[in-house]
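Novice: Below: one structure in structure tokens.
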Amino acid sequence: MENISITPDGGEVQISLRDVYYQYESTDESPPKEVLHGISLDVKKGEFVALLGHNGSGKSTIAKHMNAILLPSGGKVYVAGMDTANEELLTNIRRTVGMVFQNPDNQLVATIVEEDVAFGPENLGVPSDEMRKLVDDALKAVGMYEYRRHAPHKLSGGQKQRVAIAGIIAMRPKCIVFDEPTAMLDPRGRQEVMDAIDSLVKKLGITVVLITHYMDEAAKADRVIIINDGTLLMEGKPNEVFSHIDMLREHYLDVPQPTELAQYLRSMGYDIPEDVLTPEECARAILNAKNKL
Amino acid sequence: MISDITIGQFMPGKSFVHKLDPRMKIILMTAIIIFVFLVKNLMSMGAMLGFVVLAVLFSRIPLRMYFKGLKAIWFLVFFTAILNMLYIKGEHIVWQYKAITIYEEALWQSGFIALRLVMIVIMSSMLTYTTSPTDLTSAIERLLAPLKLFRLPVHELAMMMTIALRFIPTLLEETEKIMNAQKARGADLESGGVIKRAKALIPILIPLFISSFRRAFELATAMDCRCYTGGNGRTRLNVLKYRFRDFFAFLLVGGLCAGIIYLNTLAPSLVR
């Protein structure tokens with residue numbers, strides 16, 4: 001942990017991918033397939049980064065490199081200065097960067113919510129008397145404390161996913177990578193999970209990497225990175241990135257609906273800024289434009 | 001429908017039996033089941049029956065639940081009783097008709113065997129009614145811990161039990177979804193003979209297997225991410241602790257066992 005890198009603006013780097021290549025091994029039916037072609041990116045401490053890309057763009061593969069589930073075929077990945085290829089550091093790396101997956105059902109291990117949340121700390125050998133507080137705090141952080149004695153299969157999708165998040169928080173990681181956490185949820189569940197993620201960033205100061213193909217979710221991030229066919233296509237603040245509507249369309253990505261509406265009105269000659277992201281911003285911009293008429 | 005199947009018959013409650021440490025419950029139930037077989041005369045049978053009735057009352061589980069448990073073995077009880085009645089020979093003939101002779105000894109024997117079976121089922125249902133699957137698993141893990149010396153993977157077995165319990169409802173739900181999906185495509189699951197219906201299950205089982213394997217891989221990755229490396233160095237959130245009531249229950253059952261041994265010596269044995 002001696003070589004923690006510092007970015008030019010003085011931020012501490014939590015996760016760093018250096019020129020990462022990855023290829024899936026060949027099977028009987030298919031030749032080896034390279035899915036990442038030299039990705040370099042940094043995630044700073046306390047940052048909320050969204051990784052966007054269409055299906056098969058390699059965004060999930062990138063996520064799996066961030067806590068050593070996959071190791072790069074070429075290049076290096078550092079987590080808080082630790083090389084993920086070093087097997088001795090594996091436990092340390094995984095307690096630094098937690099991961100939440102798409103299907104909440106396939107992440108829950110125990111038959112009772114609080115036992116499941118305790119699974120990570122139990123593995124780390126946390127003493128029983130300290131564990132109670134870790135578990136209770138984690139459940140409160142995602143608003144699932146009242147459900148601590150429930151059976152997971154009786155919860156809704158959004159609730160299950162929040163329990164899965166609590167299971168990671170209980171390990172006190174510095175960073176959590178979310179691999180399309182809302183893809184299998186209904187709109188209400190999506191909202192619950194996004195609210196939980198929001199509070200992680202704001203209240204607990206946890207670094208968040210969110211992999212998604214929902215543009216409105218990415219709009220909440222500090223920084224958006226767009227991945228296309230295993231390379232980095234674009235990177236910047238959400239309003240900068242989403243203003244490139246044509247380029248995004250070209251790569252089969254949507255822009256958030258408010259942005260699209262704003263762009264459309266703009267093209268019709270109304271005076272509306274092009275970096276509108278949320279419905280509220282959009283409504284205000286339209287109101288302003290109307291008042292100017 | 002399919003999701004009505006309850007797994008583990010746990011009925012939450014706050015009775016004395018519910019509150020006992022699950023390890024103690026398993027030990028005591030085993031002791032009781034062993035002693036049910038040692039009951040030899042009317043006095044010891046009376047003591048055992050009395051104890052079982054009291055335990056049933058103290059468990060505060062509705063009586064119909066016990067009857068539900070007994071329903072499954074009714075036939076077995078009846079059948080063994082009849083067989084014993086017909087085959088056991090003795091000295092005092094009670095009833096004779098052509099080739100059938102029934103002796104007094106046989107009547108006692110079959111009555112005892114029927115009562116023993118009933119008591120065993122009642123006591124073991126009591127264990128599952130009053131203990132949550134989680135408690136049961138962790139108790140089994142703790143009780144079997146000494147077997148680790150013989151390289152028995154005790155922790156791994158307990159983990160497998162926990163995961164199985166966790167996924168049974170999930171897989172039932174999935175089975176129902178697949179059945180509905182296949183029905184929507186015109187699959188006929190209800191009509192035809194045994195073979196035709198077994199064949200109709202194939203399009204349900206194959207997707208279920210494939211998705212179970214996918215789930216298993218994903219779960220394994222998620223467990224890796226949560227630093228699972230097996231049983232070594234693991235701690236537990238809820239540590240089992242023996243309390244006063246556990247010692248009380250221990251003394252109670254101990255007294256019962258000693259009493260049965262004593263009562264057995266007071267009168268001649270009625271069973272072999």
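Following the order of the structure tokens, chains are lettered A, B, ..., residues in each are numbered from 1, and ligands are numbered from 1.
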Should the cut-off be 7 Å, what would the residue list for chain B against chain A look like, counting only C-alpha atoms, as a list in words?

Specialist: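 Contact residues on the first chain: Thr134, Thr162, Ile163, Leu165, Arg166, Pro169, Thr170, Arg215, Glu218, Leu219, Ala222, Cys225, Arg226, Cys227, Tyr228, Gly233, Arg234, Thr235, Arg236 and Leu237 of chain B.
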
Novice: List every residue of segment 161-190 of chain A that DSSP, applied to the backbone of this structure, assigns to strand (DSSP E or B), and report them as a PDB file with N, CA and C atoms, in the first residue's frame.

Specialist:
```pdb
ATOM      1  N   CYS A 175     -14.917   1.148  -1.138  1.00  0.00           N
ATOM      2  CA  CYS A 175     -15.525   1.356  -2.454  1.00  0.00           C
ATOM      3  C   CYS A 175     -16.492   0.206  -2.735  1.00  0.00           C
ATOM      4  N   ILE A 176     -17.608   0.522  -3.404  1.00  0.00           N
ATOM      5  CA  ILE A 176     -18.517  -0.552  -3.824  1.00  0.00           C
ATOM      6  C   ILE A 176     -18.754  -0.438  -5.321  1.00  0.00           C
ATOM      7  N   VAL A 177     -18.601  -1.559  -6.013  1.00  0.00           N
ATOM      8  CA  VAL A 177     -18.873  -1.605  -7.445  1.00  0.00           C
ATOM      9  C   VAL A 177     -20.248  -2.241  -7.630  1.00  0.00           C
ATOM     10  N   PHE A 178     -21.126  -1.552  -8.329  1.00  0.00           N
ATOM     11  CA  PHE A 178     -22.468  -2.071  -8.598  1.00  0.00           C
ATOM     12  C   PHE A 178     -22.552  -2.504 -10.049  1.00  0.00           C
ATOM     13  N   ASP A 179     -22.779  -3.798 -10.274  1.00  0.00           N
ATOM     14  CA  ASP A 179     -22.870  -4.293 -11.650  1.00  0.00           C
ATOM     15  C   ASP A 179     -24.348  -4.413 -12.048  1.00  0.00           C
TER      16      ASP A 179
END
```

Novice: Which residues in segment 18-65 of chain B does DSSP call helix (DSSP H, G or I)? List them as number ranges by chain.

Specialist: B: 18-19, 22-36, 42-59, 63-65

Novice: Got a sec: who's within 7 Å of Ala166 of chain A, counting only C-alpha atoms, leaving out chain neighbours fewer than 5 positions off, as a compact mmCIF listing (two decimals) with N, CA and C atoms, in the first residue's frame?

Specialist:
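Output file selection-v5.txt is given in full below:
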```
# COMPACT_ATOMS: atom_id res chain seq x y z
N VAL A 117 -26.51 -10.55 6.20
CA VAL A 117 -25.67 -9.35 6.30
C VAL A 117 -24.39 -9.67 7.09
N ALA A 138 -25.37 -1.40 9.12
CA ALA A 138 -25.50 -1.63 7.67
C ALA A 138 -26.97 -1.70 7.28
N LEU A 139 -27.78 -2.40 8.09
CA LEU A 139 -29.20 -2.52 7.75
C LEU A 139 -29.90 -1.17 7.85
N VAL A 142 -29.39 1.15 4.75
CA VAL A 142 -30.20 0.91 3.56
C VAL A 142 -31.70 0.87 3.89
```

Novice: Near segment 248-260 of chain A, counting only C-alpha atoms, which residues have an atom at most 6 Å away, once you skip same-chain residues fewer than 2 positions from it, shown as a ChimeraX atom specification?

Specialist: /A:215-216,242,245-246,262-263,276-279,282

Novice: Please produce an output containing C-alpha atoms for each residue in the selection, written as a PDB file, in the first residue's frame.

Specialist:
```pdb
ATOM      1  CA  MET A 215     -29.059   6.878 -18.517  1.00  0.00           C
ATOM      2  CA  ASP A 216     -31.113   8.555 -15.808  1.00  0.00           C
ATOM      3  CA  PHE A 242     -25.016  13.590 -22.631  1.00  0.00           C
ATOM      4  CA  ILE A 245     -26.554  13.082 -28.509  1.00  0.00           C
ATOM      5  CA  ASP A 246     -25.583  12.134 -32.030  1.00  0.00           C
ATOM      6  CA  ALA A 262     -34.497  19.648 -24.418  1.00  0.00           C
ATOM      7  CA  GLN A 263     -32.444  18.899 -27.524  1.00  0.00           C
ATOM      8  CA  VAL A 276     -30.406  19.433 -19.131  1.00  0.00           C
ATOM      9  CA  LEU A 277     -30.398  16.144 -17.174  1.00  0.00           C
ATOM     10  CA  THR A 278     -33.263  15.810 -14.714  1.00  0.00           C
ATOM     11  CA  PRO A 279     -37.005  16.286 -15.217  1.00  0.00           C
ATOM     12  CA  CYS A 282     -36.010  20.331 -17.895  1.00  0.00           C
TER      13      CYS A 282
END
```

Novice: What separation in Å, quoted to one decimal, exists between atom CA of Met65 of chain B and atom CA of Val17 of chain B?

Specialist: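 Atom CA of Val17 of chain B lies 15.5 Å from atom CA of Met65 of chain B.
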
Novice: Could you pull the residues within 12 Å of Leu127 of chain B, counting only C-alpha atoms, minus those fewer than 6 positions along the same chain, as a PyMOL selection string?

Specialist: chain B and resi 8-11+17-30+32-33+55-56+59+61+66+120-121+133+135-136

Novice: Please write the residues from the selection above to a file, keeping N, CA and C atoms, as an mmCIF file, in the first residue's frame.

Specialist:
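Output contents, as saved in part_9.cif:
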```
data_model
loop_
_atom_site.group_PDB
_atom_site.id
_atom_site.type_symbol
_atom_site.label_atom_id
_atom_site.label_comp_id
_atom_site.auth_asym_id
_atom_site.auth_seq_id
_atom_site.Cartn_x
_atom_site.Cartn_y
_atom_site.Cartn_z
ATOM 1 N N GLY B 8 -39.281 -27.113 6.281
ATOM 2 C CA GLY B 8 -39.021 -27.005 7.710
ATOM 3 C C GLY B 8 -40.393 -26.641 8.243
ATOM 4 N N GLN B 9 -40.827 -27.203 9.321
ATOM 5 C CA GLN B 9 -42.195 -26.960 9.732
ATOM 6 C C GLN B 9 -42.226 -25.961 10.873
ATOM 7 N N PHE B 10 -41.236 -25.106 10.912
ATOM 8 C CA PHE B 10 -41.071 -24.212 12.048
ATOM 9 C C PHE B 10 -42.303 -23.351 12.284
ATOM 10 N N MET B 11 -42.786 -23.344 13.527
ATOM 11 C CA MET B 11 -43.868 -22.452 13.911
ATOM 12 C C MET B 11 -43.357 -21.549 15.024
ATOM 13 N N VAL B 17 -40.279 -24.694 25.357
ATOM 14 C CA VAL B 17 -39.581 -25.571 24.405
ATOM 15 C C VAL B 17 -38.935 -24.749 23.296
ATOM 16 N N HIS B 18 -39.640 -23.708 22.816
ATOM 17 C CA HIS B 18 -39.072 -22.849 21.778
ATOM 18 C C HIS B 18 -37.766 -22.222 22.236
ATOM 19 N N LYS B 19 -37.755 -21.808 23.502
ATOM 20 C CA LYS B 19 -36.627 -21.006 23.976
ATOM 21 C C LYS B 19 -35.396 -21.830 24.334
ATOM 22 N N LEU B 20 -35.549 -23.152 24.400
ATOM 23 C CA LEU B 20 -34.385 -23.983 24.717
ATOM 24 C C LEU B 20 -33.308 -23.825 23.655
ATOM 25 N N ASP B 21 -32.065 -23.961 24.070
ATOM 26 C CA ASP B 21 -30.957 -23.932 23.122
ATOM 27 C C ASP B 21 -31.113 -25.096 22.138
ATOM 28 N N PRO B 22 -30.983 -24.812 20.827
ATOM 29 C CA PRO B 22 -31.235 -25.885 19.851
ATOM 30 C C PRO B 22 -30.323 -27.099 20.047
ATOM 31 N N ARG B 23 -29.102 -26.859 20.538
ATOM 32 C CA ARG B 23 -28.212 -28.005 20.762
ATOM 33 C C ARG B 23 -28.789 -28.900 21.846
ATOM 34 N N MET B 24 -29.237 -28.250 22.931
ATOM 35 C CA MET B 24 -29.815 -29.006 24.037
ATOM 36 C C MET B 24 -31.047 -29.750 23.552
ATOM 37 N N LYS B 25 -31.847 -29.074 22.709
ATOM 38 C CA LYS B 25 -33.064 -29.719 22.224
ATOM 39 C C LYS B 25 -32.724 -30.987 21.449
ATOM 40 N N ILE B 26 -31.715 -30.887 20.569
ATOM 41 C CA ILE B 26 -31.354 -32.059 19.765
ATOM 42 C C ILE B 26 -30.875 -33.187 20.687
ATOM 43 N N ILE B 27 -30.031 -32.847 21.672
ATOM 44 C CA ILE B 27 -29.502 -33.871 22.580
ATOM 45 C C ILE B 27 -30.645 -34.526 23.359
ATOM 46 N N LEU B 28 -31.524 -33.697 23.918
ATOM 47 C CA LEU B 28 -32.606 -34.240 24.747
ATOM 48 C C LEU B 28 -33.584 -35.068 23.931
ATOM 49 N N MET B 29 -33.919 -34.583 22.726
ATOM 50 C CA MET B 29 -34.845 -35.336 21.880
ATOM 51 C C MET B 29 -34.241 -36.699 21.548
ATOM 52 N N THR B 30 -32.943 -36.719 21.257
ATOM 53 C CA THR B 30 -32.295 -37.996 20.954
ATOM 54 C C THR B 30 -32.384 -38.918 22.160
ATOM 55 N N ILE B 32 -34.567 -38.885 24.550
ATOM 56 C CA ILE B 32 -35.946 -39.330 24.749
ATOM 57 C C ILE B 32 -36.297 -40.439 23.762
ATOM 58 N N ILE B 33 -35.882 -40.258 22.509
ATOM 59 C CA ILE B 33 -36.213 -41.260 21.495
ATOM 60 C C ILE B 33 -35.551 -42.604 21.840
ATOM 61 N N ALA B 55 -44.872 -32.379 27.597
ATOM 62 C CA ALA B 55 -44.014 -31.666 26.635
ATOM 63 C C ALA B 55 -44.856 -31.055 25.523
ATOM 64 N N VAL B 56 -45.839 -31.834 25.044
ATOM 65 C CA VAL B 56 -46.724 -31.333 23.983
ATOM 66 C C VAL B 56 -47.466 -30.086 24.473
ATOM 67 N N SER B 59 -45.145 -27.082 24.715
ATOM 68 C CA SER B 59 -44.626 -26.545 23.446
ATOM 69 C C SER B 59 -45.592 -25.520 22.861
ATOM 70 N N ILE B 61 -47.790 -25.766 20.747
ATOM 71 C CA ILE B 61 -48.062 -25.949 19.324
ATOM 72 C C ILE B 61 -49.454 -26.564 19.250
ATOM 73 N N TYR B 66 -49.694 -31.763 15.493
ATOM 74 C CA TYR B 66 -49.137 -33.086 15.794
ATOM 75 C C TYR B 66 -49.913 -34.175 15.062
ATOM 76 N N ILE B 120 -42.357 -41.224 19.119
ATOM 77 C CA ILE B 120 -41.166 -40.783 18.385
ATOM 78 C C ILE B 120 -41.541 -39.687 17.393
ATOM 79 N N VAL B 121 -42.655 -39.932 16.663
ATOM 80 C CA VAL B 121 -43.057 -38.931 15.672
ATOM 81 C C VAL B 121 -43.431 -37.621 16.366
ATOM 82 N N PRO B 133 -34.992 -23.371 11.088
ATOM 83 C CA PRO B 133 -33.985 -24.097 10.324
ATOM 84 C C PRO B 133 -32.574 -23.557 10.583
ATOM 85 N N ASP B 135 -31.391 -22.135 13.318
ATOM 86 C CA ASP B 135 -30.906 -22.627 14.607
ATOM 87 C C ASP B 135 -30.517 -24.093 14.515
ATOM 88 N N LEU B 136 -31.353 -24.836 13.799
ATOM 89 C CA LEU B 136 -31.115 -26.266 13.661
ATOM 90 C C LEU B 136 -29.754 -26.513 12.988
#
```

Novice: Work out how far apart atom CA of Asn239 of chain A and atom CA of Pro273 of chain A are and give it in Å to one decimal.

Specialist: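 Rounded to one decimal, the two atoms are 10.4 Å apart.
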
Novice: Excluding Val77 of chain B and its own-chain neighbours fewer than 2 positions away, which residues fall within 8 Å of it when counting only C-alpha atoms? Please give them as a PyMOL selection string.

Specialist: chain B and resi 73-75+79-81+113-114+117-118

Novice: Next, dump the selected residues to file, keeping only C-alpha atoms, as a PDB file, in the first residue's frame.

Specialist:
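After the write, again_0.pdb holds the following:
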```pdb
ATOM      1  CA  ILE B  73     -47.328 -42.679   9.634  1.00  0.00           C
ATOM      2  CA  TRP B  74     -50.810 -43.866  10.562  1.00  0.00           C
ATOM      3  CA  PHE B  75     -50.610 -46.688   8.068  1.00  0.00           C
ATOM      4  CA  PHE B  79     -49.449 -52.276   9.747  1.00  0.00           C
ATOM      5  CA  THR B  80     -46.666 -53.027  12.246  1.00  0.00           C
ATOM      6  CA  ALA B  81     -49.222 -53.478  15.006  1.00  0.00           C
ATOM      7  CA  ILE B 113     -44.748 -50.641  19.416  1.00  0.00           C
ATOM      8  CA  ALA B 114     -47.612 -48.488  18.153  1.00  0.00           C
ATOM      9  CA  LEU B 117     -43.827 -44.971  17.047  1.00  0.00           C
ATOM     10  CA  VAL B 118     -46.426 -42.348  17.862  1.00  0.00           C
TER      11      VAL B 118
END
```

Novice: I'd like the neighbourhood of Asp19 of chain A as a PDB file with N, CA and C atoms, in the first residue's frame, where a residue qualifies if any of its atoms comes within 6 Å (using only C-alpha atoms), though same-chain residues fewer than 3 positions away should be ignored.

Specialist:
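Done, and the output landed in around-v1.pdb:
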```pdb
ATOM      1  N   GLY A  38      -7.101  -2.448 -23.954  1.00  0.00           N
ATOM      2  CA  GLY A  38      -6.289  -1.356 -23.421  1.00  0.00           C
ATOM      3  C   GLY A  38      -7.095  -0.265 -22.739  1.00  0.00           C
ATOM      4  N   ILE A  39      -7.739  -0.614 -21.614  1.00  0.00           N
ATOM      5  CA  ILE A  39      -8.528   0.372 -20.869  1.00  0.00           C
ATOM      6  C   ILE A  39      -7.671   0.974 -19.769  1.00  0.00           C
ATOM      7  N   SER A  40      -7.636   2.296 -19.672  1.00  0.00           N
ATOM      8  CA  SER A  40      -6.983   2.958 -18.549  1.00  0.00           C
ATOM      9  C   SER A  40      -7.982   3.899 -17.910  1.00  0.00           C
ATOM     10  N   GLY A  75      -1.608  -5.625 -18.866  1.00  0.00           N
ATOM     11  CA  GLY A  75      -1.831  -4.413 -18.080  1.00  0.00           C
ATOM     12  C   GLY A  75      -1.956  -4.738 -16.606  1.00  0.00           C
TER      13      GLY A  75
END
```

Novice: Any idea what the distance is between atom CA of Ile178 of chain B and atom CA of Ile204 of chain B?

Specialist: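 Going from atom CA of Ile178 of chain B over to atom CA of Ile204 of chain B, I get 6.1 Å.
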
Novice: For a quick check of understanding, using only C-alpha atoms, which of A:Leu185, A:Ala289, A:Val113, A:Val208 has the smallest distance to Val163 of chain A?

Specialist: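 The closest residue to Val163 of chain A is A:Val113.
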